[in-house]
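Coordinates as given in my_file-v2.txt (compact mmCIF, C-alpha atoms):
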```
# COMPACT_ATOMS: atom_id res chain seq x y z
CA MET J 1 0.00 0.00 0.00
CA ARG J 2 2.81 2.40 0.95
CA ALA J 3 4.59 1.56 -2.31
CA LEU J 4 1.45 2.43 -4.25
CA ILE J 5 1.17 5.78 -2.49
CA ALA J 6 4.84 6.52 -3.23
CA ALA J 7 4.37 5.69 -6.94
CA ALA J 8 1.23 7.84 -7.14
CA THR J 9 3.10 10.72 -5.49
CA GLY J 10 5.85 10.51 -8.11
CA LEU J 11 3.31 10.43 -10.95
CA VAL J 12 1.33 13.40 -9.63
CA ALA J 13 4.53 15.41 -9.07
CA ALA J 14 5.64 14.79 -12.69
CA LEU J 15 2.22 15.77 -14.05
CA ALA J 16 2.08 18.89 -11.88
CA LEU J 17 5.56 19.99 -12.95
CA VAL J 18 4.95 19.56 -16.70
CA LEU J 19 1.47 21.12 -16.62
CA THR J 20 2.76 24.11 -14.64
CA VAL J 21 5.74 24.70 -16.91
CA THR J 22 3.64 24.47 -20.09
CA ALA J 23 0.89 26.66 -18.61
CA VAL J 24 3.40 29.36 -17.73
CA GLY J 25 4.90 28.97 -21.21
CA VAL J 26 7.51 31.17 -22.79
CA PRO J 27 7.24 34.95 -22.42
CA SER J 28 6.17 36.53 -25.70
CA GLY J 29 8.30 39.66 -25.30
CA GLY J 30 7.67 42.76 -27.39
CA THR J 31 8.11 43.82 -30.98
CA SER J 32 11.70 44.84 -31.61
CA PRO J 33 12.20 48.59 -31.98
CA LYS J 34 14.83 47.92 -34.68
CA PRO J 35 13.77 48.93 -38.21
CA LEU J 36 13.38 46.84 -41.35
CA LEU J 37 16.76 47.47 -42.92
CA THR J 38 17.32 49.61 -45.99
CA THR J 39 21.09 49.67 -45.60
CA VAL J 40 23.61 46.85 -45.71
CA PRO J 41 24.71 45.92 -42.18
CA GLU J 42 28.45 45.51 -41.69
CA HIS J 43 28.12 42.31 -39.71
CA PRO J 44 25.39 40.16 -38.10
CA MET I 1 14.72 4.10 7.87
CA ARG I 2 15.77 1.78 5.02
CA ARG I 3 12.14 1.16 4.19
CA LYS I 4 11.50 4.92 3.95
CA ALA I 5 14.51 5.42 1.66
CA GLY I 6 13.19 2.67 -0.61
CA LEU I 7 9.80 4.36 -0.88
CA VAL I 8 11.38 7.75 -1.68
CA LEU I 9 13.49 6.11 -4.40
CA LEU I 10 10.38 4.45 -5.84
CA ALA I 11 8.54 7.79 -5.92
CA LEU I 12 11.51 9.40 -7.70
CA ALA I 13 11.70 6.49 -10.17
CA VAL I 14 8.03 6.94 -11.11
CA PHE I 15 8.52 10.75 -11.26
CA PHE I 16 11.32 10.49 -13.83
CA ALA I 17 9.66 7.63 -15.75
CA ALA I 18 6.52 9.77 -16.15
CA LEU I 19 8.48 12.93 -16.91
CA ALA I 20 10.23 11.37 -19.94
CA PRO I 21 7.15 10.87 -22.21
CA LEU I 22 5.43 13.99 -20.84
CA LEU I 23 8.43 16.08 -21.86
CA ARG I 24 8.63 14.55 -25.34
CA TRP I 25 4.95 14.43 -26.31
CA TYR I 26 3.26 17.05 -24.13
CA ALA I 27 5.77 19.78 -23.33
CA TYR I 28 7.76 19.73 -26.61
CA PRO I 29 4.94 20.77 -28.98
CA ARG I 30 3.84 23.46 -26.52
CA LEU I 31 7.20 24.93 -25.54
CA VAL I 32 9.38 24.52 -28.64
CA LYS I 33 8.22 27.17 -31.06
CA VAL I 34 9.35 30.22 -32.97
CA PRO I 35 9.30 33.18 -30.53
CA PRO I 36 6.92 35.94 -31.67
CA ASP I 37 9.46 38.73 -31.01
CA ARG I 38 12.27 37.44 -33.21
CA TYR I 39 14.30 39.97 -35.20
CA GLU I 40 16.58 38.57 -37.89
CA THR I 41 18.61 40.07 -40.69
CA MET I 42 20.28 38.36 -43.60
CA VAL I 43 22.59 39.65 -46.30
CA LEU I 44 22.90 37.92 -49.65
CA GLU I 45 25.06 38.92 -52.59
CA ALA I 46 25.25 38.23 -56.32
CA ARG I 47 28.80 38.73 -57.63
CA PRO I 48 28.77 39.68 -60.51
CA ALA I 49 25.24 40.34 -61.68
CA THR I 50 23.29 41.82 -64.57
CA LEU I 51 21.03 44.71 -63.69
CA ILE I 52 18.72 46.94 -65.70
CA ASP I 53 19.37 50.67 -65.81
CA TYR I 54 15.85 52.10 -65.66
CA GLY I 55 17.15 55.41 -67.07
CA THR I 56 18.22 53.87 -70.38
CA MET I 57 16.21 50.63 -70.08
CA LYS I 58 19.35 48.65 -70.91
CA ALA I 59 20.93 45.74 -69.02
CA LYS I 60 24.47 46.17 -67.74
CA LYS I 61 27.01 44.03 -65.91
CA VAL I 62 27.68 45.14 -62.33
CA PRO I 63 30.23 43.80 -59.85
CA LYS I 64 27.74 43.23 -57.04
CA VAL I 65 24.07 43.35 -56.11
CA THR I 66 23.17 43.04 -52.42
CA VAL I 67 19.90 41.76 -50.97
CA VAL I 68 19.18 42.75 -47.35
CA GLN I 69 16.41 40.71 -45.82
CA THR I 70 14.83 41.57 -42.45
CA LEU I 71 12.33 39.44 -40.54
CA LYS I 72 10.70 41.20 -37.62
CA GLY I 73 8.21 39.52 -35.29
CA ASN I 74 5.13 41.69 -34.81
CA VAL I 75 3.98 40.71 -31.31
CA GLU I 76 0.87 42.94 -31.28
CA ALA I 77 -0.36 41.51 -34.60
CA SER I 78 0.20 37.93 -33.44
CA GLU I 79 -1.69 38.55 -30.17
CA GLU I 80 -4.56 40.08 -32.11
CA ILE I 81 -4.80 36.99 -34.36
CA GLU I 82 -4.64 34.65 -31.33
CA LYS I 83 -7.49 36.56 -29.66
CA GLY I 84 -9.78 36.03 -32.64
CA ASP I 85 -8.66 32.42 -33.15
CA ASP I 86 -10.74 29.58 -31.68
CA SER I 87 -7.85 27.13 -31.67
CA ASP I 88 -5.24 27.13 -28.93
CA ARG I 89 -2.30 27.60 -31.30
CA ASP I 90 0.44 30.18 -30.92
CA VAL I 91 0.75 32.47 -33.91
CA VAL I 92 3.80 34.34 -35.15
CA VAL I 93 3.54 37.30 -37.51
CA TRP I 94 6.64 38.29 -39.43
CA ASP I 95 6.89 41.66 -41.13
CA ALA I 96 9.60 41.13 -43.72
CA LEU I 97 11.45 43.38 -46.13
CA SER I 98 13.61 42.35 -49.08
CA TYR I 99 15.68 45.38 -49.95
CA VAL I 100 17.83 45.12 -53.08
CA GLN I 101 20.73 47.49 -53.48
CA GLY I 102 22.93 48.10 -56.54
CA PRO I 103 26.72 48.43 -56.55
CA ASP I 104 26.43 52.22 -56.07
CA GLY I 105 24.43 51.71 -52.87
CA LYS I 106 21.19 52.91 -54.47
CA MET I 107 17.92 51.08 -54.05
CA VAL I 108 16.94 48.69 -56.87
CA SER I 109 13.72 47.42 -55.33
CA LYS I 110 12.10 46.84 -51.98
CA VAL I 111 9.36 44.32 -51.36
CA PRO I 112 7.61 44.17 -47.96
CA GLU I 113 5.69 41.11 -46.81
CA ARG I 114 3.48 40.06 -43.91
CA TYR I 115 3.51 36.35 -43.11
CA ALA I 116 1.54 34.72 -40.27
CA PHE I 117 2.11 31.11 -39.24
CA ASP I 118 1.70 28.54 -36.46
CA ALA I 119 4.69 28.92 -34.15
CA HIS I 120 5.30 25.17 -33.83
CA THR I 121 4.05 23.50 -37.04
CA GLN I 122 4.87 26.39 -39.45
CA GLU I 123 1.39 26.00 -41.01
CA PRO I 124 0.30 29.33 -42.54
CA VAL I 125 -2.35 31.29 -40.64
CA HIS I 126 -4.66 33.38 -42.81
CA ALA I 127 -5.41 36.73 -41.29
CA ARG I 128 -6.11 40.29 -42.35
CA GLY I 129 -2.91 42.01 -43.42
CA GLU I 130 -1.30 38.94 -45.02
CA MET I 131 0.40 40.41 -48.10
CA VAL I 132 3.31 40.66 -50.49
CA ASP I 133 4.27 44.17 -51.62
CA GLY I 134 0.85 45.47 -50.60
CA ASP I 135 -1.05 42.80 -52.57
CA PRO I 136 -3.27 40.57 -50.39
CA VAL I 137 -2.22 36.92 -50.68
CA ARG I 138 -3.32 33.62 -49.19
CA ARG I 139 -0.22 31.54 -48.62
CA GLU I 140 -0.20 27.78 -48.75
CA GLY I 141 2.86 25.88 -47.59
CA ILE I 142 5.91 27.23 -45.83
CA GLU I 143 8.11 30.27 -46.35
CA PHE I 144 11.54 31.21 -44.91
CA LYS I 145 11.59 28.33 -42.38
CA TRP I 146 10.75 24.60 -42.25
CA PRO I 147 8.86 23.01 -39.32
CA PHE I 148 10.68 21.61 -36.29
CA GLY I 149 11.55 17.99 -37.02
CA THR I 150 11.84 18.50 -40.78
CA GLU I 151 11.20 15.29 -42.70
CA LYS I 152 12.96 13.83 -45.73
CA ARG I 153 10.17 14.72 -48.15
CA ASP I 154 9.02 17.43 -50.50
CA TYR I 155 7.31 20.48 -48.99
CA ALA I 156 5.01 23.12 -50.49
CA TYR I 157 6.92 26.41 -50.54
CA PHE I 158 5.43 29.84 -51.17
CA ASP I 159 7.17 31.97 -53.79
CA ALA I 160 6.66 35.63 -52.92
CA GLN I 161 7.65 36.97 -56.36
CA ALA I 162 5.14 34.86 -58.29
CA ARG I 163 2.67 34.66 -55.36
CA VAL I 164 2.32 30.92 -55.98
CA THR I 165 3.01 27.79 -53.98
CA ALA I 166 5.10 25.09 -55.63
CA PRO I 167 6.87 21.96 -54.37
CA ILE I 168 10.36 22.29 -52.98
CA HIS I 169 12.04 18.93 -53.39
CA TYR I 170 14.10 17.05 -50.81
CA GLN I 171 17.26 16.06 -52.66
CA GLY I 172 19.35 14.33 -50.02
CA THR I 173 21.17 14.68 -46.74
CA ARG I 174 24.43 16.62 -46.70
CA THR I 175 26.94 17.92 -44.20
CA PHE I 176 27.28 21.68 -44.06
CA ARG I 177 29.94 23.21 -41.76
CA GLY I 178 29.75 20.17 -39.48
CA LEU I 179 25.94 20.07 -39.31
CA GLU I 180 23.78 17.36 -40.86
CA VAL I 181 21.35 19.16 -43.17
CA TYR I 182 18.62 18.32 -45.67
CA TYR I 183 19.08 19.85 -49.10
CA PHE I 184 15.94 21.22 -50.82
CA GLU I 185 15.57 22.69 -54.29
CA GLN I 186 12.69 24.45 -56.02
CA THR I 187 12.49 25.60 -59.63
CA ILE I 188 10.01 28.29 -60.61
CA PRO I 189 9.74 28.31 -64.42
CA TRP I 190 9.42 31.58 -66.36
CA THR I 191 6.33 33.21 -64.86
CA LYS I 192 4.73 36.60 -65.40
CA VAL I 193 4.95 38.49 -62.10
CA PRO I 194 3.90 41.96 -60.91
CA LEU I 195 6.44 44.77 -60.88
CA PRO I 196 7.51 45.97 -57.43
CA ARG I 197 5.45 48.93 -56.20
CA THR I 198 8.64 50.83 -55.41
CA LEU I 199 10.95 51.33 -58.39
CA PRO I 200 14.26 53.20 -58.37
CA VAL I 201 13.28 55.93 -60.87
CA GLU I 202 11.02 58.76 -59.83
CA GLY I 203 7.78 58.82 -61.80
CA LEU I 204 8.17 55.19 -62.84
CA THR I 205 5.46 53.15 -61.15
CA ARG I 206 3.92 49.72 -61.54
CA GLU I 207 0.85 51.36 -63.13
CA SER I 208 2.82 53.57 -65.56
CA VAL I 209 4.85 50.57 -66.78
CA ALA I 210 1.65 48.52 -67.15
CA ARG I 211 0.19 51.24 -69.41
CA THR I 212 3.11 50.77 -71.84
CA GLY I 213 2.26 47.08 -72.18
CA THR I 214 5.62 45.97 -70.77
CA THR I 215 5.45 42.97 -68.45
CA ARG I 216 7.88 41.49 -65.94
CA TRP I 217 8.86 37.81 -66.06
CA TYR I 218 10.85 35.79 -63.56
CA THR I 219 12.44 32.38 -63.08
CA THR I 220 14.48 31.05 -60.20
CA VAL I 221 16.17 27.97 -58.82
CA ARG I 222 15.95 28.19 -55.05
CA LYS I 223 18.29 26.08 -52.90
CA PHE I 224 18.13 25.60 -49.14
CA TRP I 225 20.31 23.63 -46.73
CA VAL I 226 17.99 22.98 -43.76
CA GLU I 227 18.99 21.78 -40.29
CA PRO I 228 16.22 19.19 -39.64
CA VAL I 229 15.90 19.36 -35.82
CA THR I 230 15.11 23.10 -35.80
CA GLY I 231 13.85 23.39 -39.40
CA ALA I 232 16.08 26.43 -39.84
CA PRO I 233 17.91 26.97 -43.14
CA VAL I 234 21.63 27.39 -42.44
CA TYR I 235 22.44 28.34 -46.02
CA GLY I 236 20.58 29.45 -49.13
CA GLU I 237 21.26 30.28 -52.76
CA GLU I 238 19.12 31.44 -55.63
CA ILE I 239 19.86 31.48 -59.36
CA HIS I 240 17.51 34.32 -60.15
CA LYS I 241 16.59 35.86 -63.52
CA GLU I 242 14.11 38.63 -64.35
CA GLU I 243 13.16 40.08 -67.72
CA LEU I 244 10.97 42.91 -68.96
CA ARG I 245 9.10 41.81 -72.07
CA GLY I 246 7.14 43.59 -74.79
CA GLY I 247 5.42 46.94 -74.73
CA THR I 248 6.50 50.35 -75.90
CA LEU I 249 8.92 50.87 -72.99
CA LEU I 250 11.51 48.60 -74.65
CA GLY I 251 11.35 50.23 -78.10
CA ASP I 252 12.10 47.67 -80.78
CA ARG I 253 13.42 45.01 -78.38
CA ASP I 254 11.40 41.97 -77.35
CA LYS I 255 12.92 41.68 -73.93
CA VAL I 256 15.55 43.12 -71.61
CA THR I 257 17.20 41.42 -68.63
CA ALA I 258 16.12 43.25 -65.49
CA PHE I 259 18.25 41.15 -63.16
CA SER I 260 20.37 38.06 -63.47
CA GLY I 261 22.63 36.67 -60.80
CA HIS I 262 23.58 33.81 -58.54
CA VAL I 263 22.58 35.10 -55.10
CA LYS I 264 24.41 33.58 -52.12
CA MET I 265 24.49 34.27 -48.38
CA ARG I 266 27.37 36.46 -47.25
CA GLU I 267 30.11 34.53 -45.40
CA ASP I 268 29.76 36.33 -42.03
CA TYR I 269 26.02 35.63 -42.06
CA ILE I 270 26.62 31.96 -42.83
CA ARG I 271 28.90 31.67 -39.78
CA HIS I 272 26.40 33.56 -37.61
CA THR I 273 23.49 31.39 -38.79
CA VAL I 274 25.37 28.11 -38.29
CA ASP I 275 26.36 29.14 -34.73
CA MET I 276 22.81 30.23 -33.86
CA VAL I 277 21.18 27.12 -35.32
CA SER I 278 23.70 24.83 -33.58
CA SER I 279 22.79 26.28 -30.15
CA GLN I 280 19.05 26.14 -30.89
CA ARG I 281 19.44 22.55 -32.10
CA LEU I 282 20.93 21.57 -28.74
CA LEU I 283 17.96 23.07 -26.87
CA VAL I 284 15.45 21.22 -29.06
CA LEU I 285 17.38 17.95 -28.74
CA LEU I 286 17.31 18.35 -24.94
CA MET I 287 13.50 18.32 -25.07
CA THR I 288 13.10 15.62 -27.69
CA SER I 289 15.92 13.23 -26.96
CA TYR I 290 18.59 13.89 -24.33
CA LEU I 291 16.32 14.64 -21.33
CA PRO I 292 13.60 12.00 -22.06
CA TRP I 293 16.15 9.21 -22.53
CA GLY I 294 18.23 10.46 -19.58
CA PHE I 295 15.15 10.51 -17.34
CA LEU I 296 14.17 6.98 -18.42
CA GLY I 297 17.66 5.71 -17.59
CA LEU I 298 17.60 7.49 -14.24
CA ALA I 299 14.15 6.04 -13.47
CA GLY I 300 15.44 2.52 -14.16
CA LEU I 301 18.44 3.10 -11.90
CA LEU I 302 16.31 4.50 -9.06
CA LEU I 303 13.85 1.63 -9.36
CA ALA I 304 16.66 -0.92 -9.21
CA LEU I 305 18.05 0.81 -6.12
CA ALA I 306 14.61 0.87 -4.48
CA LEU I 307 14.12 -2.85 -5.16
CA TRP I 308 17.59 -3.65 -3.84
CA LEU I 309 16.89 -1.77 -0.59
CA GLU I 310 13.57 -3.56 -0.24
CA ALA I 311 15.20 -6.94 -0.82
CA ARG I 312 17.87 -6.23 1.81
CA GLY I 313 15.20 -5.22 4.27
CA ARG I 314 13.49 -8.60 3.86
CA ARG I 315 16.66 -10.81 3.98
CA PRO I 316 16.44 -13.54 6.73
CA GLY I 317 18.98 -13.45 9.59
CA ARG I 318 18.33 -9.93 10.69
CA PRO I 319 17.64 -9.71 14.48
CA ALA I 320 14.20 -8.20 13.90
CA ALA I 321 13.31 -11.11 11.64
CA ALA I 322 14.44 -13.92 14.06
CA THR I 323 12.29 -17.08 13.91
CA GLY I 324 10.51 -18.62 16.89
CA ALA I 325 12.93 -21.60 16.97
CA GLU I 326 15.96 -19.30 17.23
CA ALA I 327 14.33 -17.36 20.01
CA ARG I 328 13.50 -20.48 22.01
CA PRO I 329 15.62 -20.85 25.27
CA GLN I 330 18.50 -23.37 24.94
CA PRO I 331 19.41 -25.99 27.64
CA ALA I 332 22.37 -25.04 29.83
CA ASP I 333 24.31 -28.29 29.09
CA GLY I 334 24.35 -27.64 25.39
CA ARG I 335 22.29 -30.76 24.46
CA PRO I 336 19.73 -30.34 21.78
CA PRO I 337 16.20 -30.01 23.04
CA ALA I 338 14.11 -33.20 22.98
```

Structure encoded using C-alpha cells:
Amino acid sequence: MRALIAAATGLVAALALVLTVTAVGVPSGGTSPKPLLTTVPEHP
Amino acid sequence: MRRKAGLVLLALAVFFAALAPLLRWYAYPRLVKVPPDRYETMVLEARPATLIDYGTMKAKKVPKVTVVQTLKGNVEASEEIEKGDDSDRDVVVWDALSYVQGPDGKMVSKVPERYAFDAHTQEPVHARGEMVDGDPVRREGIEFKWPFGTEKRDYAYFDAQARVTAPIHYQGTRTFRGLEVYYFEQTIPWTKVPLPRTLPVEGLTRESVARTGTTRWYTTVRKFWVEPVTGAPVYGEEIHKEELRGGTLLGDRDKVTAFSGHVKMREDYIRHTVDMVSSQRLLVLLMTSYLPWGFLGLAGLLLALALWLEARGRRPGRPAAATGAEARPQPADGRPPA
C-alpha cells in the first residue's frame, strides 16, 4: 500500500511539474524597436 | 529508515519515468516554437550580376548586387490573431522586407511582406494584413523556415515573387559546416509576375509601366540547406533571372534582362546562422531526446536501487526477523532439546 502511495506521489509530481511549466509557457516579449533594414549591415 | 529510503526512491523512479514521455509528447509541442518577437537580418550577394538601368532601359554588368532581408516579429499583430482564433495555437507574424541594393548603394527594389504562421508547425495562418508588396495573398505551404523535425520529403513552398506555392524537393542529406542538413531545391519556371510597387526611378510606377504594355517575367532555382531538428535553413542560394518583355517601354526590343545573378548568403552571415542554429538545435534535442532518454535511464536506476533496498530489508537473519525456533531458550548443558 505504501509503495502504491509513493508511486502515485511521483506520478502526480511529474504531471504537476509539466502542466505548470507548459501553462506558464515562454514569455512573448515585445516587438523589436529595430527597423526593417534599408542599408547593408556591416556584420550580423 | 531503510524502508523509507526505498519508498522515496520508488517515488523518484516513477517521477522520472513519467516525466520522460510527458516532456517529449506534451511539453515539446507546446514549448518549442518560434518566438513571436524574433528579429533577424540576412545579407545575400550576387557577384557579378546583370542589372537593368531604368534610365536607359538597358541591361548592364555590375560587380555586385546586395539583398538585405529583415524578418521582424510583430507581437501585437500575433496577439490580435490569437485573440480572434478559436484554436489554442500560438501564432507568429513576421513583417519582412527584401531590400535590393545596386553596386552604387542605391535602391533597386524593396518588397515588404506580412507572413503569419503557427509557431510550432509552421502552417500558414490566414489573417487580415497577409500580403506581399501590398497585394493581399493567401499563402499555402511554408516560407523562410521549415517546421521543427523536418522530414525527408518534398514540402510546399510559397514563392513571394510569383505569389504561388510550388513543391520544394528534398534532394538528399548533406553535411554543411559540421551540421547534418537536408538539401531542398525548387524551380520556378518563367512566370509573369507583378512589378515591385517601389521602383528606383522617380515617376516610374507599376501602373505607368503597365500602361506601356511591358510585363515582368521571372524564373528562379531556389536552394536551401535545412537543419532538420530546428527546421532552420543554415544556407541558401538562388539562381535568379528577371526580364521585362514587350510593350513600348523597350522600343524595338522583345525583352531586356532586369536582373540576373547567382545570389548567395554572405560569409559572415553563414557563420552567424550556423552558430545560432547549432545552439538552438541543442535546446530542441534536450527536449526531444537527451532529457527524455536520460530521465528513463535514471528512473530505471532509481527503481533498481529501491528494489535492492527492499530486498535487503526482507533478507532472513536480521535480528528483527528472528524465527521462533531461534528465540527459544536453549538448555544449559548444550544438548539439543528433545

Residue contacts of segment 5-14 of chain J (6 Å, all atoms listed in the file) excluding same-chain residues fewer than 6 positions away, as a list in words: Leu7, Ala11, Leu12, Val14, Phe15 and Leu19 of chain I

Residue contacts of segment 75-82 of chain I (12 Å, all atoms listed in the file) excluding same-chain residues fewer than 4 positions away, as number ranges by chain: J: 27-33; I: 34-39, 86-95, 114-119, 125-130

Kindly compute an axis-aligned box around the listed atoms of segment 26-30 of chain J, allowing 3 Å on each side, and express its centre and edge lengths in Å to one decimal as JSON.
```
{"center_x": 7.2, "center_y": 37.0, "center_z": -24.9, "size_x": 8.1, "size_y": 17.6, "size_z": 11.0}
```

Spatial neighbours of segment 38-40 of chain J, max dist 10 Å, all atoms listed in the file, sep filter under 2 positions, as a PyMOL selection string: (chain J and resi 35-36+42-43) or (chain I and resi 41-44+66-70+97-101+105-107+110)

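The residue that comes closest to chain J, out of I:Thr150, I:Thr230, I:Thr273, I:Thr205 and on the basis of all atoms listed in the file, is I:Thr273.
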
Pick from I:Trp293, I:Tyr157, I:Tyr269, I:Phe148 nearest to chain J, counting all atoms listed in the file: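 Answer, going by the shortest atom-to-atom distance: I:Tyr269.
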
Residue nearest chain J among I:Asp268, I:Glu238, I:Glu207, I:Glu185 (counting all atoms listed in the file): I:Asp268

Atomic distance atom CA of Glu242 of chain I - atom CA of Tyr182 of chain I, expressed in Å with one decimal: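 Separating atom CA of Glu242 of chain I from atom CA of Tyr182 of chain I is a distance of 28.0 Å.
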
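Between atom CA of Thr219 of chain I and atom CA of Thr191 of chain I there is a distance of 6.4 Å.
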
Non-local contacts of Thr187 of chain I (8 Å; all atoms listed in the file; under 6 positions in same chain excluded) as a PyMOL selection string: chain I and resi 168+219-222

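For the pair atom CA of Arg174 of chain I and atom CA of Pro233 of chain I, the separation is 12.7 Å.
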
I:His262, I:His169, I:Arg30, I:Lys58 ranked by distance to chain J, top pick (using all atoms listed in the file):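 Selected residue with least distance to chain J: I:Arg30.
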
Contacts of Lys145 of chain I within 9 Å, all atoms listed in the file, excl. fewer than 5 positions in-chain, as a ChimeraX atom specification: /I:122,226,231-233

Let me see the file: selected residues, C-alpha atoms, as an mmCIF file, keeping the file's coordinate frame.
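After the write, again_17.cif holds the following:
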```
data_model
loop_
_atom_site.group_PDB
_atom_site.id
_atom_site.type_symbol
_atom_site.label_atom_id
_atom_site.label_comp_id
_atom_site.auth_asym_id
_atom_site.auth_seq_id
_atom_site.Cartn_x
_atom_site.Cartn_y
_atom_site.Cartn_z
ATOM 1 C CA GLN I 122 4.870 26.390 -39.450
ATOM 2 C CA VAL I 226 17.990 22.980 -43.760
ATOM 3 C CA GLY I 231 13.850 23.390 -39.400
ATOM 4 C CA ALA I 232 16.080 26.430 -39.840
ATOM 5 C CA PRO I 233 17.910 26.970 -43.140
#
```

Expected answer as a ChimeraX atom specification: all residues with atoms within 6 Å of (5.1, 24.1, -33.4), all atoms listed in the file: /I:29,33,119-121

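Between Val26 of chain J and the residues I:Lys152, I:Asn74, I:His272, I:Val32, the shortest atom-to-atom distance, using only C-alpha atoms, involves I:Val32.
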